[in-house]
$ cat coords38.cif   # mmCIF, C-alpha atoms
data_entry
#
loop_
_atom_site.label_atom_id
_atom_site.label_comp_id
_atom_site.auth_asym_id
_atom_site.auth_seq_id
_atom_site.Cartn_x
_atom_site.Cartn_y
_atom_site.Cartn_z
CA MET A 1 -3.68 -16.45 25.65
CA SER A 2 -7.01 -14.89 26.45
CA GLU A 3 -6.99 -12.51 23.46
CA LYS A 4 -8.59 -13.84 20.33
CA ILE A 5 -6.07 -14.25 17.52
CA ASN A 6 -7.52 -14.01 14.05
CA ILE A 7 -4.71 -14.51 11.57
CA PRO A 8 -6.04 -14.37 7.98
CA GLU A 9 -6.06 -17.69 6.16
CA ARG A 10 -3.48 -16.58 3.62
CA HIS A 11 -0.84 -16.22 6.35
CA THR A 12 1.69 -18.90 7.28
CA LYS A 13 1.74 -19.30 11.05
CA TRP A 14 4.56 -19.92 13.53
CA GLU A 15 4.00 -20.33 17.26
CA ALA A 16 6.34 -20.58 20.22
CA ASP A 17 6.56 -20.13 23.96
CA ILE A 18 9.12 -17.42 24.66
CA LYS A 19 10.73 -15.64 27.58
CA ILE A 20 10.96 -11.84 27.68
CA GLY A 21 13.33 -11.13 30.55
CA LYS A 22 11.96 -13.39 33.27
CA LYS A 23 8.37 -13.19 32.06
CA ASP A 24 6.84 -16.11 30.19
CA ASP A 25 5.03 -15.17 27.01
CA HIS A 26 3.62 -16.67 23.86
CA VAL A 27 4.18 -15.44 20.33
CA VAL A 28 2.28 -16.11 17.13
CA ILE A 29 3.94 -14.86 13.92
CA GLY A 30 1.87 -14.62 10.75
CA TYR A 31 3.56 -14.29 7.34
CA TRP A 32 1.84 -13.77 3.98
CA ARG A 33 4.14 -15.50 1.46
CA ASP A 34 2.20 -14.53 -1.68
CA GLY A 35 2.44 -10.82 -0.80
CA CYS A 36 6.13 -10.94 0.14
CA LYS A 37 8.57 -9.50 -2.42
CA GLY A 38 11.70 -10.68 -0.63
CA CYS A 39 13.20 -7.25 0.08
CA GLY A 40 14.89 -8.49 3.27
CA ILE A 41 14.04 -5.47 5.46
CA CYS A 42 12.67 -7.76 8.21
CA VAL A 43 15.99 -9.63 8.26
CA ASP A 44 17.83 -6.33 8.58
CA VAL A 45 15.72 -4.71 11.33
CA CYS A 46 15.32 -7.80 13.54
CA PRO A 47 17.56 -7.45 16.62
CA LYS A 48 17.51 -11.21 17.32
CA GLN A 49 18.09 -12.62 13.81
CA VAL A 50 14.78 -14.47 13.81
CA TRP A 51 14.20 -14.12 10.07
CA GLU A 52 16.38 -15.62 7.33
CA ILE A 53 16.33 -15.31 3.55
CA VAL A 54 15.57 -18.48 1.61
CA GLU A 55 15.54 -19.13 -2.10
CA ALA A 56 12.19 -19.21 -3.92
CA LYS A 57 12.18 -20.02 -7.62
CA ASP A 58 8.50 -19.10 -8.07
CA LYS A 59 9.12 -15.48 -7.04
CA TRP A 60 10.22 -12.64 -9.29
CA SER A 61 12.94 -11.57 -6.83
CA GLY A 62 14.01 -15.18 -6.30
CA GLN A 63 13.82 -15.05 -2.53
CA VAL A 64 11.40 -15.02 0.40
CA VAL A 65 11.93 -15.12 4.16
CA ASN A 66 11.48 -17.90 6.67
CA ILE A 67 11.66 -18.42 10.42
CA PRO A 68 13.82 -21.39 11.47
CA ASP A 69 13.35 -20.84 15.22
CA PRO A 70 10.39 -18.69 16.37
CA SER A 71 11.35 -19.02 20.04
CA LYS A 72 14.10 -16.41 19.52
CA CYS A 73 11.41 -13.71 18.95
CA ILE A 74 11.03 -11.02 21.61
CA LYS A 75 7.84 -9.44 20.18
CA CYS A 76 9.45 -6.06 19.49
CA SER A 77 7.27 -5.79 16.32
CA LEU A 78 9.99 -3.96 14.38
CA CYS A 79 9.51 -6.31 11.41
CA GLU A 80 5.76 -5.74 11.52
CA ILE A 81 6.19 -1.94 11.49
CA HIS A 82 8.85 -1.92 8.77
CA CYS A 83 7.45 -4.54 6.37
CA PRO A 84 6.44 -2.42 3.35
CA ASP A 85 4.15 -5.11 1.93
CA PHE A 86 1.78 -5.65 4.88
CA CYS A 87 3.00 -9.26 5.15
CA ILE A 88 3.98 -9.73 8.82
CA LYS A 89 1.76 -9.93 11.87
CA ILE A 90 3.03 -10.45 15.43
CA TYR A 91 0.49 -11.47 18.07
CA MET B 1 -1.56 -7.41 19.46
CA ALA B 2 -0.96 -6.99 15.82
CA PHE B 3 -2.54 -4.05 14.08
CA GLU B 4 -5.42 -4.85 11.69
CA TYR B 5 -4.35 -3.02 8.53
CA GLU B 6 -7.06 -4.87 6.59
CA LYS B 7 -9.65 -2.55 8.13
CA TYR B 8 -8.26 0.37 6.08
CA LEU B 9 -7.08 -1.49 2.97
CA ARG B 10 -8.69 -2.73 -0.21
CA MET B 11 -7.24 -6.21 0.12
CA GLU B 12 -8.42 -7.31 -3.33
CA LYS B 13 -5.83 -4.86 -4.79
CA MET B 14 -2.93 -6.18 -2.70
CA PRO B 15 -0.03 -6.90 -3.02
CA HIS B 16 0.77 -3.34 -4.08
CA LEU B 17 2.87 -2.41 -7.12
CA TRP B 18 5.73 -0.58 -5.35
CA CYS B 19 9.22 -2.04 -5.73
CA PRO B 20 10.48 -4.60 -3.18
CA GLY B 21 11.63 -2.67 -0.10
CA CYS B 22 10.14 0.68 -1.14
CA GLY B 23 9.74 3.07 1.78
CA ILE B 24 6.28 4.24 0.68
CA GLY B 25 4.77 1.06 2.13
CA ILE B 26 6.26 1.87 5.54
CA VAL B 27 4.98 5.47 5.41
CA LEU B 28 1.53 4.24 4.33
CA LYS B 29 1.46 1.87 7.30
CA ALA B 30 2.37 4.72 9.68
CA MET B 31 -0.39 6.77 8.03
CA ILE B 32 -2.97 4.00 8.57
CA ARG B 33 -2.00 3.58 12.23
CA SER B 34 -2.25 7.35 12.73
CA LEU B 35 -5.73 7.43 11.17
CA ASP B 36 -6.70 4.61 13.52
CA ASN B 37 -5.27 6.52 16.52
CA MET B 38 -7.61 9.40 15.70
CA GLY B 39 -10.63 7.08 15.77
CA TRP B 40 -12.37 8.82 12.88
CA ASP B 41 -15.11 7.27 10.80
CA LYS B 42 -13.73 6.18 7.42
CA ASN B 43 -16.49 8.14 5.64
CA ASP B 44 -15.20 11.39 7.18
CA ILE B 45 -11.69 11.02 5.77
CA ALA B 46 -10.67 12.16 2.29
CA PHE B 47 -7.37 10.79 1.04
CA VAL B 48 -5.91 12.78 -1.87
CA SER B 49 -2.80 12.23 -4.00
CA GLY B 50 -1.20 13.70 -7.10
CA ILE B 51 1.02 11.88 -9.58
CA GLY B 52 4.10 9.83 -8.83
CA CYS B 53 4.87 6.64 -6.97
CA THR B 54 2.88 7.93 -3.96
CA SER B 55 -0.15 8.51 -6.18
CA ARG B 56 -0.95 4.79 -6.08
CA ALA B 57 -1.76 4.96 -2.36
CA PRO B 58 -5.45 6.03 -2.75
CA GLY B 59 -6.02 2.84 -4.72
CA TYR B 60 -5.14 0.74 -1.70
CA ILE B 61 -6.73 2.77 1.11
CA ASP B 62 -10.40 2.11 1.74
CA CYS B 63 -11.92 5.54 2.44
CA ASN B 64 -12.93 8.52 0.26
CA THR B 65 -9.98 8.72 -2.11
CA LEU B 66 -9.03 11.02 -4.96
CA HIS B 67 -6.23 10.62 -7.49
CA THR B 68 -5.57 14.02 -9.05
CA THR B 69 -3.34 15.72 -11.62
CA HIS B 70 0.38 16.24 -11.15
CA GLY B 71 1.23 18.66 -8.34
CA ARG B 72 -2.38 19.71 -7.83
CA ALA B 73 -3.24 17.37 -4.95
CA LEU B 74 -3.25 20.30 -2.50
CA THR B 75 -5.44 22.35 -4.84
CA PHE B 76 -8.10 19.64 -4.99
CA ALA B 77 -7.75 19.07 -1.23
CA THR B 78 -8.30 22.79 -0.56
CA GLY B 79 -11.48 22.60 -2.62
CA ILE B 80 -12.75 19.60 -0.67
CA LYS B 81 -11.98 21.30 2.63
CA MET B 82 -13.75 24.53 1.62
CA ALA B 83 -16.86 22.63 0.51
CA GLN B 84 -16.90 20.23 3.46
CA PRO B 85 -15.11 21.86 6.42
CA ALA B 86 -16.12 19.06 8.80
CA LYS B 87 -14.23 16.37 6.88
CA HIS B 88 -10.63 15.39 7.58
CA ILE B 89 -8.38 15.83 4.55
CA VAL B 90 -5.11 13.95 4.17
CA VAL B 91 -2.78 14.53 1.22
CA PHE B 92 -0.17 11.91 0.35
CA SER B 93 2.44 13.39 -1.93
CA GLY B 94 5.96 12.91 -3.20
CA ASP B 95 8.86 15.33 -3.38
CA GLY B 96 8.44 15.96 -7.10
CA ASP B 97 4.72 16.37 -6.67
CA ALA B 98 4.88 18.72 -3.67
CA THR B 99 7.98 20.82 -4.29
CA ALA B 100 8.63 20.80 -8.05
CA ILE B 101 5.42 20.82 -10.06
CA GLY B 102 3.20 21.65 -7.09
CA GLY B 103 5.67 23.96 -5.37
CA ASN B 104 3.47 26.98 -5.86
CA HIS B 105 0.40 25.20 -4.48
CA PHE B 106 2.48 23.91 -1.58
CA ILE B 107 3.64 27.33 -0.36
CA HIS B 108 0.19 28.86 -0.80
CA ALA B 109 -1.49 26.06 1.17
CA CYS B 110 1.09 26.73 3.92
CA ARG B 111 0.34 30.46 3.74
CA ARG B 112 -3.42 29.92 4.17
CA ASN B 113 -2.89 27.56 7.11
CA ILE B 114 -5.86 25.47 5.98
CA ASP B 115 -6.67 22.38 8.04
CA ILE B 116 -5.05 19.74 5.82
CA THR B 117 -2.38 17.18 6.72
CA LEU B 118 0.27 16.76 4.03
CA VAL B 119 2.62 13.78 4.11
CA VAL B 120 5.55 14.23 1.72
CA VAL B 121 7.47 11.04 0.91
CA ASN B 122 10.86 12.40 -0.09
CA ASN B 123 12.83 9.82 -2.06
CA ASN B 124 15.27 12.35 -3.64
CA THR B 125 14.27 11.54 -7.22
CA TYR B 126 11.40 11.13 -9.70
CA GLY B 127 11.05 7.39 -9.20
CA MET B 128 8.10 6.62 -11.45
CA THR B 129 9.24 8.41 -14.61
CA GLY B 130 12.77 7.02 -14.76
CA GLY B 131 14.90 8.55 -12.04
CA GLN B 132 15.36 12.15 -13.18
CA HIS B 133 16.79 14.57 -10.62
CA SER B 134 14.26 16.35 -8.42
CA PRO B 135 14.51 19.53 -6.26
CA THR B 136 15.56 17.34 -3.31
CA THR B 137 18.37 15.36 -4.99
CA PRO B 138 21.51 16.08 -2.93
CA ILE B 139 24.45 17.81 -4.63
CA GLY B 140 26.97 15.43 -6.19
CA TYR B 141 24.66 12.42 -6.56
CA LYS B 142 24.04 10.87 -9.95
CA THR B 143 20.63 10.45 -11.56
CA SER B 144 19.56 9.59 -15.10
CA THR B 145 19.55 13.29 -16.08
CA THR B 146 22.67 14.26 -14.08
CA SER B 147 25.10 11.53 -15.14
CA PHE B 148 28.17 13.34 -13.76
CA GLY B 149 26.60 14.46 -10.48
CA ASN B 150 23.87 16.91 -9.58
CA ILE B 151 24.87 20.58 -9.20
CA ASP B 152 21.47 22.03 -8.21
CA PRO B 153 21.15 23.08 -4.55
CA THR B 154 18.30 21.32 -2.75
CA PHE B 155 15.10 22.46 -1.13
CA ASP B 156 14.72 21.84 2.59
CA ILE B 157 10.98 21.07 2.57
CA CYS B 158 10.60 21.57 6.34
CA LEU B 159 12.21 25.02 6.38
CA LEU B 160 10.23 25.99 3.27
CA ALA B 161 6.95 25.03 4.96
CA LYS B 162 7.96 26.78 8.17
CA ALA B 163 8.83 30.00 6.35
CA ALA B 164 5.62 29.88 4.31
CA GLY B 165 3.47 29.63 7.46
CA ALA B 166 2.51 26.00 8.13
CA SER B 167 1.48 25.40 11.74
CA TYR B 168 3.00 21.94 12.26
CA VAL B 169 6.19 20.79 10.53
CA ALA B 170 8.10 17.59 11.28
CA ARG B 171 10.49 15.22 9.54
CA SER B 172 11.45 11.63 10.12
CA THR B 173 12.71 8.77 7.97
CA VAL B 174 11.50 5.32 6.94
CA ASN B 175 13.90 3.76 9.44
CA LYS B 176 11.76 5.13 12.28
CA GLY B 177 8.25 3.85 11.58
CA LYS B 178 6.99 4.45 15.10
CA ILE B 179 8.21 8.09 15.18
CA LEU B 180 6.56 8.70 11.81
CA GLU B 181 3.30 7.46 13.30
CA LYS B 182 3.70 9.88 16.24
CA TYR B 183 4.38 12.86 13.96
CA ILE B 184 1.52 12.08 11.57
CA THR B 185 -0.87 11.69 14.53
CA LYS B 186 0.21 15.10 15.83
CA GLY B 187 -0.29 16.53 12.35
CA LEU B 188 -3.80 15.11 12.15
CA GLU B 189 -4.60 16.51 15.60
CA ASN B 190 -3.31 19.97 14.67
CA LYS B 191 -5.99 22.37 13.42
CA GLY B 192 -4.10 24.07 10.63
CA PHE B 193 -1.75 23.08 7.83
CA SER B 194 0.56 20.24 8.89
CA VAL B 195 3.53 19.04 6.89
CA ILE B 196 5.23 15.74 7.71
CA VAL B 197 8.25 14.86 5.58
CA ALA B 198 9.20 11.19 5.46
CA THR B 199 12.61 10.65 3.89
CA ALA B 200 12.34 7.38 1.96
CA ASN B 201 14.63 5.18 -0.08
CA CYS B 202 14.44 4.78 -3.86
CA HIS B 203 17.05 2.11 -4.45
CA THR B 204 15.58 1.13 -7.84
CA GLN B 205 16.09 4.46 -9.60
CA PHE B 206 18.22 6.67 -7.35
CA GLY B 207 20.19 4.04 -5.46
CA ARG B 208 21.23 1.98 -8.46
CA LYS B 209 23.17 4.93 -9.90
CA ASN B 210 24.82 5.70 -6.54
CA LYS B 211 26.10 2.26 -5.51
CA MET B 212 23.19 1.32 -3.26
CA GLY B 213 20.93 -0.75 -5.47
CA ASP B 214 19.34 -2.80 -2.71
CA PRO B 215 16.88 -1.61 -0.04
CA ILE B 216 19.16 -2.38 2.90
CA SER B 217 22.10 -0.25 1.75
CA ALA B 218 19.72 2.57 0.71
CA ARG B 219 18.18 2.53 4.20
CA LYS B 220 21.66 2.48 5.76
CA TRP B 221 22.59 5.53 3.65
CA ILE B 222 19.56 7.41 5.02
CA GLU B 223 20.35 6.30 8.57
CA SER B 224 23.96 7.51 8.29
CA ARG B 225 22.75 11.01 7.36
CA GLU B 226 20.17 11.46 10.12
CA ILE B 227 20.83 14.19 12.70
CA PRO B 228 18.29 15.03 15.44
CA LEU B 229 17.17 18.67 15.48
CA ASP B 230 18.39 19.36 19.03
CA LYS B 231 21.87 18.09 18.15
CA ALA B 232 21.89 19.99 14.86
CA ARG B 233 21.31 23.32 16.66
CA ASN B 234 24.81 23.15 18.14
CA MET B 235 26.54 22.07 14.95
CA LYS B 236 28.30 24.16 12.36
CA ALA B 237 26.91 24.64 8.86
CA GLU B 238 29.77 22.65 7.28
CA GLU B 239 29.06 19.65 9.51
CA LEU B 240 25.40 19.67 8.45
CA TYR B 241 26.23 19.41 4.75
CA ASP B 242 24.28 16.54 3.13
CA LYS B 243 22.52 15.62 6.39
CA ILE B 244 18.86 14.98 7.14
CA ILE B 245 17.72 16.96 10.18
CA THR B 246 14.90 15.06 11.87
CA GLY B 247 12.46 16.24 14.50
CA GLU B 248 9.62 18.66 15.01
CA PHE B 249 10.39 22.01 13.39
CA ILE B 250 7.16 23.61 14.62
CA SER B 251 5.21 21.85 17.35
CA GLU B 252 1.71 22.59 18.64
CA GLU B 253 2.68 25.67 20.61
CA PRO B 254 5.23 27.49 18.51
CA GLU B 255 7.59 29.89 20.18
CA LYS B 256 6.36 33.32 19.20
CA THR B 257 9.06 35.36 17.55
CA PHE B 258 8.80 38.76 15.99
CA TRP B 259 8.60 37.25 12.52
CA ASP B 260 5.77 34.88 13.47
CA ASN B 261 3.63 37.77 14.70
CA TYR B 262 4.64 39.99 11.84
CA ASN B 263 3.65 37.86 8.92
CA HIS B 264 1.57 34.85 9.85
CA SER B 265 -2.04 34.62 10.80
CA THR B 266 -2.65 31.85 13.33
CA GLN B 267 -6.30 31.55 12.30
CA GLU B 268 -7.30 28.46 10.38
CA TYR B 269 -8.51 29.17 6.84
CA THR B 270 -11.96 27.54 6.90
CA ASP B 271 -12.71 29.37 10.20
CA ALA B 272 -11.71 32.65 8.57
CA TYR B 273 -13.88 31.83 5.57
CA GLN B 274 -16.84 31.10 7.87
CA THR B 275 -16.65 34.63 9.29
CA ILE B 276 -16.79 35.98 5.72
CA ILE B 277 -19.87 33.85 5.00
CA GLU B 278 -21.57 35.22 8.14
CA LYS B 279 -20.67 38.79 7.23
CA ALA B 280 -22.05 38.33 3.73
CA GLN B 281 -25.31 36.86 5.00
CA LYS B 282 -25.84 39.72 7.48
CA SER B 283 -25.28 42.51 4.97
CA LYS B 284 -28.23 43.75 2.92
CA ASP B 285 -28.30 42.74 -0.74
CA GLY B 286 -24.74 41.54 -0.65
CA GLU B 287 -23.32 45.02 0.00
CA SER B 288 -20.04 45.07 1.85
CA LYS B 289 -19.56 47.44 4.75
#
$ encode --input "coords38.cif" --output "structure tokens"
Amino acid sequence: MSEKINIPERHTKWEADIKIGKKDDHVVIGYWRDGCKGCGICVDVCPKQVWEIVEAKDKWSGQVVNIPDPSKCIKCSLCEIHCPDFCIKIY
Amino acid sequence: MAFEYEKYLRMEKMPHLWCPGCGIGIVLKAMIRSLDNMGWDKNDIAFVSGIGCTSRAPGYIDCNTLHTTHGRALTFATGIKMAQPAKHIVVFSGDGDATAIGGNHFIHACRRNIDITLVVVNNNTYGMTGGQHSPTTPIGYKTSTTSFGNIDPTFDICLLAKAAGASYVARSTVNKGKILEKYITKGLENKGFSVIVATANCHTQFGRKNKMGDPISARKWIESREIPLDKARNMKAEELYDKIITGEFISEEPEKTFWDNYNHSTQEYTDAYQTIIEKAQKSKDGESK
């Protein structure tokens, strides 16, 4: 990747090599766990079921989200657009 | 490439206080992307809000912001625009703020066609004060003040703005973040009064009493009621009952009908006011001719 990626330090980072159609690509997903309220909108809007809800006892809502397999991502950025808490970044 | 929201946010105040899954966050993000599309300097933007859940937005946006009294956001915004016509004024308002308590100010701002962009986040209830019914609560739905179902007919904010004389009117929902961004950008580009209605979910107050207490089912409920404007033109009135018509009600070049020419001035208000200032300066001793 030639573009400079500057994910803030507070973000958890996932990276994977992906294929979009026949084109090779690379995705970096940033997720701010402290800002997340566990609403689950990213899980709902994702067309590839990349996100999953996991239990978190330290949170008020009792849940956060996690990515088990980032290579399923197709960089549609729907989760980034629809996250109400400014928590997700897709590079 | 991910969008840098941090450029327009006061990150020391984040995370924000809205409920988990609240649609206002999505509308605010669309708003920030639209402001970035315009490429304006942050010092030239004034961001105004009234009272309600949406009123917290100026606390998080890093530009000139103003948190005003209930319903009077447009009044303060008109004052800013008259004093500083070169600045770009954005008003972020809720349905209770814009159509109930500020309903009078709303129709008069539309009538003047002043160059302000108004974003109304319509969540069908008064979310902050405990879920009372608002002028946009659909008939038959329960709220804390209408325990057996609401009987009041609703306002259609878009048709109200169109009839009152706004020059750009559009509506979308929180399920379509990218389309919201497009509409708000068009509203900011339009020289005149622009109204963008974003139908949002309030699962905490409104949804909980109507069997959709989580954000996903509240968003699904909104999605099931969406009808595009072009499709709605060919539908009967009974089929459109309890639906949300989305699309651009008035675009940049409105079709000129008899009624448009009859009642509405197409001149922008601060331009009209400038001609009055020039006339007054030319006349001797302030005499009118």
$ interface_residues --input "coords38.cif" --of "chain B" --to "chain A" --cutoff "7 Å" --atoms "only C-alpha atoms" --output "ChimeraX atom specification"
/B:1-2,15,20-23,25-26,177,215-216
$ closest_residue --input "coords38.cif" --among "B:Phe47, B:Tyr168, B:Tyr60, B:Phe92" --to "Ile80 (chain B)" --atoms "only C-alpha atoms"
B:Phe47
$ resolve_selection --input "coords38.cif" --expression "the PyMOL selection byres ((chain B and resi 144-148) around 6)" --output "ChimeraX atom specification"
/B:131-132,142-143,149-150
$ resolve_selection --input "coords38.cif" --expression "the PyMOL selection byres ((chain A and resi 65) around 6)" --output "PyMOL selection string"
chain A and resi 52-54+64+66
$ residues_around --input "coords38.cif" --residues "Thr99 (chain B)" --least-positions-apart "4" --cutoff "8 Å" --atoms "all atoms listed in the file" --output "PDB file with C-alpha atoms, keeping the file's coordinate frame"
ATOM      1  CA  ASP B  95       8.860  15.330  -3.380  1.00  0.00           C
ATOM      2  CA  GLY B 103       5.670  23.960  -5.370  1.00  0.00           C
ATOM      3  CA  ASN B 104       3.470  26.980  -5.860  1.00  0.00           C
ATOM      4  CA  PHE B 106       2.480  23.910  -1.580  1.00  0.00           C
ATOM      5  CA  PRO B 135      14.510  19.530  -6.260  1.00  0.00           C
ATOM      6  CA  PHE B 155      15.100  22.460  -1.130  1.00  0.00           C
ATOM      7  CA  ILE B 157      10.980  21.070   2.570  1.00  0.00           C
TER       8      ILE B 157
END
$ atom_distance --input "coords38.cif" --atom1 "CA of Thr129 (chain B)" --atom2 "CA of Ala98 (chain B)"
15.7 Å
$ residues_around --input "coords38.cif" --residues "Val169 (chain B)" --least-positions-apart "5" --cutoff "7 Å" --atoms "all atoms listed in the file" --output "list in words"
Cys158, Lys162, Ser194, Val195, Ile196, Glu248, Phe249, Ile250 and Ser251 of chain B
$ closest_residue --input "coords38.cif" --among "A:Gln49, A:Lys57, A:Cys79, A:Ser71" --to "Asp17 (chain A)" --atoms "all atoms listed in the file"
A:Ser71
$ resolve_selection --input "coords38.cif" --expression "the PyMOL selection byres ((chain B and resi 79) around 12)" --output "PyMOL selection string"
chain B and resi 46+48+72-78+80-85+87+89+109+114-116+269-270
$ closest_residue --input "coords38.cif" --among "B:Phe206, B:Phe3, B:Tyr241, B:Trp221" --to "His133 (chain B)" --atoms "only C-alpha atoms"
B:Phe206
$ atom_distance --input "coords38.cif" --atom1 "CA of Thr173 (chain B)" --atom2 "CA of Lys42 (chain B)"
26.6 Å
$ atom_distance --input "coords38.cif" --atom1 "CA of Ala237 (chain B)" --atom2 "CA of Ser224 (chain B)"
17.4 Å
$ axis_aligned_box --input "coords38.cif" --around "region 236-239 of chain B" --padding-each-side "6 Å" --output "lines of an AutoDock Vina configuration file"
center_x = 28.3
center_y = 22.1
center_z = 9.8
size_x = 14.9
size_y = 17.0
size_z = 17.1
$ closest_residue --input "coords38.cif" --among "B:Ile24, B:Ile151, B:Met235, B:Ala272" --to "Ala200 (chain B)" --atoms "all atoms listed in the file"
B:Ile24
$ closest_residue --input "coords38.cif" --among "A:Gly62, A:Val50, A:Trp14, A:Glu9" --to "His26 (chain A)" --atoms "all atoms listed in the file"
A:Trp14
$ closest_residue --input "coords38.cif" --among "B:His16, B:Arg111, B:Lys29, B:Arg208" --to "Lys178 (chain B)" --atoms "all atoms listed in the file"
B:Lys29
$ decode --input "coords38.cif" --residues "region 99-115 of chain B" --atoms "N, CA and C atoms" --output "compact mmCIF listing (two decimals), in the first residue's frame"
# COMPACT_ATOMS: atom_id res chain seq x y z
N THR B 99 -40.67 21.38 14.30
CA THR B 99 -42.06 21.45 13.87
C THR B 99 -43.05 21.72 15.01
N ALA B 100 -42.67 21.45 16.25
CA ALA B 100 -43.64 21.68 17.33
C ALA B 100 -43.43 23.06 17.96
N ILE B 101 -42.34 23.19 18.71
CA ILE B 101 -42.10 24.44 19.42
C ILE B 101 -41.57 25.50 18.46
N GLY B 102 -40.77 25.07 17.49
CA GLY B 102 -40.25 26.04 16.52
C GLY B 102 -40.99 26.02 15.20
N GLY B 103 -42.21 25.50 15.18
CA GLY B 103 -42.95 25.39 13.92
C GLY B 103 -43.15 26.72 13.23
N ASN B 104 -43.43 27.73 14.01
CA ASN B 104 -43.63 29.07 13.46
C ASN B 104 -42.35 29.59 12.82
N HIS B 105 -41.23 29.43 13.53
CA HIS B 105 -39.95 29.90 13.02
C HIS B 105 -39.55 29.12 11.76
N PHE B 106 -39.92 27.84 11.77
CA PHE B 106 -39.60 26.97 10.62
C PHE B 106 -40.30 27.46 9.35
N ILE B 107 -41.60 27.71 9.43
CA ILE B 107 -42.30 28.11 8.19
C ILE B 107 -41.88 29.51 7.75
N HIS B 108 -41.53 30.36 8.70
CA HIS B 108 -41.13 31.72 8.30
C HIS B 108 -39.72 31.75 7.72
N ALA B 109 -38.85 30.86 8.19
CA ALA B 109 -37.52 30.76 7.57
C ALA B 109 -37.66 30.22 6.15
N CYS B 110 -38.58 29.28 5.94
CA CYS B 110 -38.87 28.76 4.59
C CYS B 110 -39.39 29.89 3.70
N ARG B 111 -40.29 30.70 4.25
CA ARG B 111 -40.93 31.78 3.49
C ARG B 111 -39.88 32.79 3.03
N ARG B 112 -38.90 33.11 3.89
CA ARG B 112 -37.89 34.11 3.54
C ARG B 112 -36.86 33.57 2.57
N ASN B 113 -36.76 32.26 2.46
CA ASN B 113 -35.76 31.62 1.60
C ASN B 113 -34.36 32.13 1.91
N ILE B 114 -34.03 32.19 3.18
CA ILE B 114 -32.70 32.65 3.61
C ILE B 114 -31.70 31.52 3.47
N ASP B 115 -30.46 31.85 3.18
CA ASP B 115 -29.45 30.85 2.84
C ASP B 115 -28.95 30.09 4.08
